[in-house]
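Note: the block below is start_11.pdb and it holds PDB, C-alpha atoms.
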```pdb
MODEL        1
ATOM      1  CA  MET A   1      61.248  31.586  31.827
ATOM      2  CA  ASP A   2      60.169  31.506  35.450
ATOM      3  CA  ALA A   3      61.606  34.983  35.939
ATOM      4  CA  LEU A   4      59.081  36.407  33.467
ATOM      5  CA  ASN A   5      56.297  35.092  35.662
ATOM      6  CA  GLN A   6      57.545  36.878  38.770
ATOM      7  CA  THR A   7      55.334  39.396  40.491
ATOM      8  CA  PHE A   8      58.375  41.552  41.156
ATOM      9  CA  LEU A   9      58.421  44.027  38.288
ATOM     10  CA  ASP A  10      62.202  44.504  38.440
ATOM     11  CA  VAL A  11      62.803  40.780  37.968
ATOM     12  CA  GLN A  12      60.224  40.542  35.191
ATOM     13  CA  ARG A  13      61.689  43.606  33.467
ATOM     14  CA  GLU A  14      65.256  42.257  33.502
ATOM     15  CA  ALA A  15      64.188  38.794  32.352
ATOM     16  CA  THR A  16      62.095  40.236  29.526
ATOM     17  CA  TRP A  17      64.976  42.379  28.310
ATOM     18  CA  ALA A  18      67.506  39.541  28.568
ATOM     19  CA  LEU A  19      65.340  37.087  26.648
ATOM     20  CA  GLY A  20      64.383  39.812  24.186
ATOM     21  CA  ASN A  21      68.065  40.405  23.488
ATOM     22  CA  LEU A  22      68.462  36.670  22.885
ATOM     23  CA  THR A  23      65.700  36.718  20.267
ATOM     24  CA  ALA A  24      67.333  39.676  18.529
ATOM     25  CA  GLY A  25      70.864  38.288  18.423
ATOM     26  CA  GLY A  26      70.653  34.571  19.055
ATOM     27  CA  ASN A  27      71.321  31.895  16.490
ATOM     28  CA  PRO A  28      68.584  29.476  15.360
ATOM     29  CA  GLU A  29      69.659  26.801  17.852
ATOM     30  CA  GLN A  30      69.424  29.260  20.747
ATOM     31  CA  LEU A  31      66.008  30.441  19.565
ATOM     32  CA  GLU A  32      64.808  26.855  19.303
ATOM     33  CA  PHE A  33      65.965  26.205  22.865
ATOM     34  CA  LEU A  34      64.082  29.320  24.021
ATOM     35  CA  VAL A  35      60.903  28.238  22.221
ATOM     36  CA  ASP A  36      61.161  24.691  23.605
ATOM     37  CA  ALA A  37      61.750  26.046  27.123
ATOM     38  CA  GLY A  38      58.485  28.014  27.097
ATOM     39  CA  GLY A  39      59.644  31.362  25.742
ATOM     40  CA  VAL A  40      56.533  31.923  23.638
ATOM     41  CA  SER A  41      54.238  31.356  26.588
ATOM     42  CA  ALA A  42      56.350  33.632  28.786
ATOM     43  CA  PHE A  43      56.212  36.472  26.270
ATOM     44  CA  LEU A  44      52.447  35.988  25.890
ATOM     45  CA  LYS A  45      52.077  36.495  29.642
ATOM     46  CA  VAL A  46      53.959  39.785  29.345
ATOM     47  CA  LEU A  47      51.514  40.852  26.623
ATOM     48  CA  ALA A  48      48.662  40.247  29.026
ATOM     49  CA  GLY A  49      49.892  42.339  31.887
ATOM     50  CA  GLY A  50      53.203  44.051  31.408
ATOM     51  CA  GLU A  51      54.052  47.710  31.237
ATOM     52  CA  ALA A  52      54.219  49.329  27.799
ATOM     53  CA  SER A  53      58.001  49.010  27.407
ATOM     54  CA  LEU A  54      57.843  45.303  28.275
ATOM     55  CA  ILE A  55      54.919  44.716  25.923
ATOM     56  CA  THR A  56      57.006  46.283  23.151
ATOM     57  CA  VAL A  57      59.925  43.964  23.934
ATOM     58  CA  ALA A  58      57.579  40.955  24.008
ATOM     59  CA  LEU A  59      56.057  41.894  20.632
ATOM     60  CA  ASP A  60      59.498  42.369  19.078
ATOM     61  CA  SER A  61      60.631  39.063  20.578
ATOM     62  CA  LEU A  62      57.642  37.150  19.227
ATOM     63  CA  ASN A  63      58.234  38.717  15.829
ATOM     64  CA  ASN A  64      61.914  37.709  15.950
ATOM     65  CA  MET A  65      60.972  34.112  16.747
ATOM     66  CA  LEU A  66      58.351  34.056  13.974
ATOM     67  CA  LYS A  67      60.930  35.305  11.467
ATOM     68  CA  CYS A  68      63.050  32.205  12.065
ATOM     69  CA  LEU A  69      61.787  29.975   9.263
ATOM     70  CA  ASP A  70      62.790  26.756  11.056
ATOM     71  CA  LEU A  71      60.648  27.728  14.054
ATOM     72  CA  LYS A  72      57.827  29.666  12.421
ATOM     73  CA  GLU A  73      55.195  26.913  12.493
ATOM     74  CA  LYS A  74      56.082  25.805  16.032
ATOM     75  CA  VAL A  75      55.894  29.399  17.297
ATOM     76  CA  LYS A  76      52.604  29.998  15.495
ATOM     77  CA  GLU A  77      51.108  26.868  17.063
ATOM     78  CA  GLN A  78      52.209  27.992  20.529
ATOM     79  CA  VAL A  79      50.834  31.490  20.007
ATOM     80  CA  VAL A  80      47.470  30.096  18.898
ATOM     81  CA  SER A  81      47.258  27.503  21.688
ATOM     82  CA  GLY A  82      48.330  30.094  24.284
ATOM     83  CA  LYS A  83      45.523  32.475  23.267
ATOM     84  CA  GLY A  84      48.140  34.831  21.854
ATOM     85  CA  VAL A  85      46.085  35.742  18.801
ATOM     86  CA  GLU A  86      43.372  37.032  21.102
ATOM     87  CA  ARG A  87      45.938  39.020  23.100
ATOM     88  CA  LEU A  88      47.341  40.513  19.912
ATOM     89  CA  GLU A  89      43.829  41.478  18.814
ATOM     90  CA  VAL A  90      43.267  43.269  22.130
ATOM     91  CA  LEU A  91      46.602  45.078  21.749
ATOM     92  CA  GLN A  92      45.438  46.443  18.399
ATOM     93  CA  GLN A  93      43.277  48.807  20.472
ATOM     94  CA  PHE A  94      46.118  49.825  22.804
ATOM     95  CA  VAL A  95      46.530  53.586  23.249
ATOM     96  CA  ASN A  96      50.217  53.395  22.415
ATOM     97  CA  THR A  97      50.193  53.359  18.612
ATOM     98  CA  GLY A  98      53.618  51.717  18.484
ATOM     99  CA  ILE A  99      52.216  48.730  20.343
ATOM    100  CA  SER A 100      48.972  48.621  18.374
ATOM    101  CA  ASP A 101      50.890  48.852  15.087
ATOM    102  CA  LYS A 102      53.258  46.027  16.068
ATOM    103  CA  ALA A 103      50.365  43.794  17.153
ATOM    104  CA  THR A 104      48.527  44.501  13.897
ATOM    105  CA  GLN A 105      51.624  43.764  11.815
ATOM    106  CA  ILE A 106      52.230  40.415  13.548
ATOM    107  CA  LEU A 107      48.597  39.407  13.018
ATOM    108  CA  LYS A 108      48.636  40.442   9.359
ATOM    109  CA  THR A 109      52.003  38.851   8.643
ATOM    110  CA  TYR A 110      51.632  35.512  10.410
ATOM    111  CA  PHE A 111      48.020  34.837  11.393
ATOM    112  CA  GLN A 112      45.801  35.777   8.459
ATOM    113  CA  GLU A 113      44.066  32.961   6.642
ATOM    114  CA  ASP A 114      45.138  34.260   3.229
ATOM    115  CA  GLU A 115      48.771  34.766   4.235
ATOM    116  CA  ALA A 116      50.947  35.931   1.338
ATOM    117  CA  PRO A 117      53.932  33.631   0.752
ATOM    118  CA  CYS A 118      57.226  35.021   2.083
ATOM    119  CA  GLN A 119      56.684  38.583   0.854
ATOM    120  CA  SER A 120      55.783  40.183   4.163
ATOM    121  CA  GLU A 121      58.081  38.038   6.336
ATOM    122  CA  GLU A 122      60.986  40.406   5.775
ATOM    123  CA  GLU A 123      59.110  43.443   7.016
ATOM    124  CA  ASP A 124      60.443  44.814  10.248
ATOM    125  CA  LEU A 125      58.275  46.109  13.043
ATOM    126  CA  GLY A 126      60.180  49.349  13.369
ATOM    127  CA  GLY A 127      62.290  48.663  16.414
ATOM    128  CA  GLU A 128      64.492  46.009  17.823
ATOM    129  CA  SER A 129      64.112  44.663  21.286
ATOM    130  CA  GLY A 130      67.789  43.806  21.223
ATOM    131  CA  ASP A 131      68.803  47.377  21.991
ATOM    132  CA  GLU A 132      70.528  47.752  25.291
ATOM    133  CA  LYS A 133      68.692  49.586  28.065
TER     134      LYS A 133
ENDMDL
END
```

What does the file become when written as structure tokens?
Amino acid sequence: MDALNQTFLDVQREATWALGNLTAGGNPEQLEFLVDAGGVSAFLKVLAGGEASLITVALDSLNNMLKCLDLKEKVKEQVVSGKGVERLEVLQQFVNTGISDKATQILKTYFQEDEAPCQSEEEDLGGESGDEK
């Protein structure tokens, strides 16, 4: 997780992609380890100051972690406590419509007060961060 916090963009880029690939293809135990090790917080930091491609990977990664039913509540709590909802709300205004659409979908699916049960959890955000570079 420390690599995501690096000021060196190359290191941050590689770490974001590697951890993003883990969220796309990892098993529930691996995802739980990532969440417990600070993965949510690390991805939230990318949302706050990364380049567009890294923000996309971070959004896809957060969505992948939220889709894991065993981790959903833990991830939601970490997003809320890490000011992630506010960051997602800001990203709704992002010029890149792919990013704004993904942020909006995460907010609607997981953070609305009147959340619909299970129906929208299977919706995909239209891209996988697990694709190789």

Item checked: Selected residue of minimal separation from Leu22 in chain A among A:Val57, A:Gln105, A:Leu44, A:Asp10, counting all atoms listed in the file -> A:Val57

Next item on the list: Taking the file as shown, find all residues satisfying the PyMOL selection byres ((chain A and resi 61-77) around 9) and write them as a ChimeraX atom specification.
Entry: /A:19-24,28,31-32,35,39-40,43-44,56-60,78-82,102,106,110-111,121-122,124-125,128-130

Checklist line | Neighbour list for Leu9 in chain A as a PyMOL selection string, cut-off 12 Å, all atoms listed in the file, skip fewer than 5 positions in-chain | finding: chain A and resi 3-4+14-16+46+49-51+53-54

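Among A:Asn27, A:Gln12, A:Ser41, A:Thr97, the residue with the shortest atom-to-atom distance to Lys83 in chain A, counting only C-alpha atoms, is A:Ser41.
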
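Across the structure, CA of Ser100 in chain A and CA of Gly38 in chain A are spaced 24.3 Å apart.
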
Each side padded by 3 Å, which centre and which edge lengths in Å (one decimal) define the axis-aligned box around the listed atoms of range 50-58 of chain A? Give them as lines of an AutoDock Vina configuration file.
```
center_x = 56.6
center_y = 45.1
center_z = 27.3
size_x = 12.7
size_y = 14.4
size_z = 14.3
```

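Nearest to Val90 in chain A of all the residues A:Ala48, A:Val11, A:Ala37, A:Ile55 is A:Ala48, counting only C-alpha atoms.
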
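Between CA of Ala52 in chain A and CA of Ala18 in chain A there is a distance of 16.5 Å.
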
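What separates CA of Leu47 in chain A from CA of Gly84 in chain A is a distance of 8.4 Å.
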
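Using only C-alpha atoms, the smallest distance between any of A:Gln112, A:Gln30, A:Lys45, A:Asp101 and Arg87 in chain A comes from A:Lys45.
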